[in-house]
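J.: I have a structure I would like to understand better, so I am pasting it below and will then ask my questions one at a time.
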Amino acid sequence: MFVALCAHITIPLMPLTPVPLTVQNLAVLLVGFLLGSRRGLAALLLYLVEGMSGLPVFNPTGPGGIAQLFGVTGGFLLAYPLVAFVAGYLFERGAKTFTRAAVAGIAAEAVLFAGGLSWLYVFTHSLAKAAYLGLYWFIAAEVIKVMSAAGIAARWHRSASRESD
């Protein structure tokens, strides 16, 4: 539900790129950080199934349903379960600090953009064009999202550990 709500917080960047700027991947990172690797992976797989079945969980600027997975943002969407897994896996392996969360978030974002840019490459047949459409316009926002998710996750775990003491 959280990822679906964040998918609807969007800034279309047309005509610069068909890929919209959303808060969706901030939510994906948080799902991985807060649920952990396995439950985060499962939650995002369920999210994709919900979207493919026609529920309005994907970004509203796309066609919706399974067609959205075959559109220009499909590579990003299909990477979400793995992104949540990587974020959760790296974060759950040690002290739940901001630094660990930030590093895990950066690694997870690398997975996200590898999936998204690979998919865009299929459409454009050009790595430069794929990077133009799916990377350059998003770098500053991604830094903010990763740092925000890292801060929220570290604080959440710090508060949870105080309550359990």
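Ordering of the structure tokens sets the chain letters (A, B, ...), residue numbers begin anew at 1 in every chain, and ligands are numbered from 1 in the order given.
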Need the shell around A:Arg158: protein/DNA/RNA residues with any atom at most 9 Å away, counting only C-alpha atoms. Skip same-chain ones fewer than 4 positions apart. Format as a PyMOL selection string?

T.: chain A and resi 96-97+153-154+162-163

J.: Neighbouring residues of A:Ala130 were defined as those with any atom within 6 Å, considering only C-alpha atoms; residues of the same chain fewer than 3 positions away were excluded. Please report them as a list in words.

T.: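 Listed by chain and then number, they are Leu117, Leu120, Tyr121, Leu127, Leu133 and Gly134 of chain A.
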
J.: Just checking: using only C-alpha atoms, which residue out of A:Gly88, A:Gly64, A:Gly71, A:Pro56 ends up closest to A:Ala149?

T.: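 Counting only C-alpha atoms, the residue closest to A:Ala149 is A:Gly88.
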
J.: I'd like the contact shell of A:Phe138 - 10 Å cut-off, only C-alpha atoms, skipping same-chain residues fewer than 5 positions apart - returned as a list in words.

T.: Val19, Pro20, Leu21, Thr22, Tyr132, Leu133 and Val143 of chain A

J.: Env of A:Arg38: 12 Å cut, atoms = only C-alpha atoms, seq-sep filter 6 positions within chain, self excluded. Answer as a ChimeraX atom specification.

T.: /A:31-32,44-45,81-90,92

J.: Name all residues at most 7 Å from A:Asn59 (count only C-alpha atoms; drop same-chain ones fewer than 3 positions away) and give them as a list in words.

T.: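 Near A:Asn59, the qualifying residues are Ala7, His8 and Gly62 of chain A.
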
J.: For the selection just defined, write its residues with C-alpha atoms to a file, as a PDB file, in the first residue's frame.

T.:
```pdb
ATOM      1  CA  ALA A   7       3.821   5.839  -6.901  1.00  0.00           C
ATOM      2  CA  HIS A   8       1.050   8.417  -7.167  1.00  0.00           C
ATOM      3  CA  GLY A  62       1.560   4.889 -17.505  1.00  0.00           C
TER       4      GLY A  62
END
```

J.: Name the closest residue to A:Ser148 among the candidates A:Ala101, A:Val72, A:Val49, A:Val122; distances are taken between atoms, counting only C-alpha atoms.

T.: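 Smallest distance to A:Ser148 is found for A:Ala101.
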